[in-house]
Amino acid sequence: MTNTVMRGEGKWGDELLARIRNQIVRPVTIRELMQMLAIPKQDRHRFRRRIRQFVDKGEMMRVRGNRYRLAEQVSLLNGRLFVNPRGFGFVTPDRPVETGGEDIFVAGVNLQQAMHGDRVTVRVDRVERKSEGRIVRVLERANDELVGRYDVDESGAGYVVPLDPRVTTHIQAPNGKTEGAKPGQMVVVGIEDWPTSTCGPVGRVTEVLGVLEDPGVDTELIIRQHRLPHTHNPVAVAEAEQLGAEITERDVVGRTDFRPLTTVTIDGDTARDFDDAITLEILPNGHHWLGVHIADVAHYVVEGTALDECAYERSTSVYFPERALHMFPEALATGLCSLKPGVDRLVQSCFMEVDRRGRVARYEFHDGVIRSDARMTYTAVDAILTQRDETARRKHESFIALLESMETVYRRLRARRLHRGSIDFDLKASRLVLDEAGMVEDIVAADRNVAHRIIEEFMLVANETVAGYLRDDGAPALYRVHPRPDQVKVADFDTFARTLGQGLGVPENRVRPWHFQRLLKRLRGRPEERPVALLMLRTMQKAHYDTVNVGHFGLASKSYTHFTSPIRRYPDLIVHRLLRERRMGGLSPARAEALADALPEIGRHTSAMERRAEEAEREIVQWKKVRFMADKVGDEYTGYVTGVTGFGLFVELIEHFVEGLVHI
């Protein structure tokens, strides 16, 4: 059994807890519980160990008489604490609360020694319109390290002010534990003594990052604050380097040879890793045979290796304006799994016959080998197809026919996707222009031209095709799901849209993707288009990874997954492995059971790591934008109102794409 599969808990995890929940109505001893659940004699030692783990996690409690009961049966709930900078907090329970709202309010005096992000046990004291409670136990500390500004008080004692305003207490840093930090410098502090009822937390400065204005310090702060792995495990690096720089003859055995086909990659001007390539042929019936070739990372990264374990821990690459934290070491990310021109590379390929109406008439999957003929950029392709630039067309003359066919197929695929109701927000994104010191010189619109759209559409249809195959196979799989939006949020959005003379025109419980799409189409080019689209985005639920296929609401797709970027997303690597197993003879019952056990946890973990990466990426961009605007106080700008609250308006500036609050 592989390490990946063993990540699931199976019958000794959530399933066991559910059985206990159905059986226990009073405190019982472990012996009584084993009899009630008919635990076999050979499993009783493991059962006792699991009960102790449930107690450690706060899911069960040990009470008088050496008896046990579920924490939820004594008005106790476990959950994650979120502290407001003003001093109070909310606990989001692990399981939904039947009454009193989703979260439990905790007044500042009842937080005890819990800190923001901790997993806690909360006693619910009152359940009315909103539940209220008090922290009775800290189950798991969220952070044993924090980042902040080092300073000294009047007596010369050092302390660290956490960067996160939700951590409302200072961390004392006694003499000898400051790592030579000077007042005003940003540091990392490790907490050695947690807060008690009589004193605050005490820690040791473990790293001095520098003054906030120093180049790169802001990025380092965000990396540390979000606990992003920023160095690769030496064992994983060694494994990647041992793979070599080129493929071998043994690697090619049994693979389909696509090297005779004309193949291109299309990426950004500064891209260093190329993990997808395209081939396209016109069939005798006038249809197109579209090949999407994805670097075969799964061939090199075996389950249970250090490379695999470290990639799972990260789950995604993280991209900052001035640097990237790759999921894999450079030898793999920009080397062996980069589809560079003129060199042989291993791929998993999805071939699709696209008819004149943009439908996939048939498809094939292959383990293949390609040799890219050209590394093209979005800028160059747009110059050829849209601007009809003669210099660019002469330079890439041998690829013009291929690129024009690609544009034809893209338009057919997109037309079909929009026809079924897929929502295309097409919001202008911003791009930071940095100087050599990492400071923002300007904020401009990030152009999204026809080349971006071509590649995006090809990746979408490949992902959807793979998802459909996995769904029809019926075995355990990992999907990229996007649930229907919450009806309350839809109703609120519709109320707002109707104040502008627009609306969805359908009850919130009957809304479909095309209702949102048609509203955007009616607003296209009007001043209210962007604020409505932004609010619409906030109305949608977050997409995530799951084994339960509920479809993808935003794409109006019955099945969707991530197949096209295993070099930077761990779920894609899982999908590559699943796809190969299906094609190579299917799954044994034992393997299917093991996957059904493991995949839900993989989906939860990778979704959480994706959210962490997105928050970090968004935070550094917002930080740099604020610093960019710091010397513009008093200037006047034009903007859109993007939100209205009781305390003011949120406005996004048209010129710099910066959003801020205009207080009431």
# chains A, B, ... in the order shown; residues from 1 in each chain; ligands from 1

call {"tool": "closest_atom_pairs", "arguments": {"of": "region 169-267 of chain A", "to": "region 277-283 of chain A", "cutoff": "8 Å", "atoms": "only C-alpha atoms", "output": "Markdown table"}}
result
| residue | atom | partner | partner_atom | distance |
| --- | --- | --- | --- | --- |
| A:Leu261 | CA | A:Thr279 | CA | 6.8 |
| A:Thr262 | CA | A:Thr279 | CA | 6.1 |
| A:Thr263 | CA | A:Thr279 | CA | 4.9 |
| A:Val264 | CA | A:Ile278 | CA | 5.5 |
| A:Thr265 | CA | A:Ala277 | CA | 4.5 |
| A:Ile266 | CA | A:Ala277 | CA | 7.3 |

call {"tool": "residues_around", "arguments": {"residues": "Ala415 (chain A)", "least_positions_apart": "3", "cutoff": "12 Å", "atoms": "only C-alpha atoms", "output": "list in words"}}
result
Arg356, Arg357, Gly358, Arg359, Thr408, Val409, Tyr410, Arg411, Arg412, Leu418, His419, Arg420, Gly421, Ser422, Ile423, Asp424 and Glu457 of chain A

call {"tool": "closest_residue", "arguments": {"among": "A:Val658, A:Ala594, A:Val152, A:Leu81", "to": "Tyr637 (chain A)", "atoms": "only C-alpha atoms"}}
result
A:Val658

call {"tool": "residues_around", "arguments": {"residues": "region 37-39 of chain A", "least_positions_apart": "2", "cutoff": "12 Å", "atoms": "only C-alpha atoms", "output": "number ranges by chain"}}
result
A: 11-12, 16-24, 30-35, 41-48

call {"tool": "atom_distance", "arguments": {"atom1": "CA of Val550 (chain A)", "atom2": "CA of Arg471 (chain A)"}}
result
11.1 Å
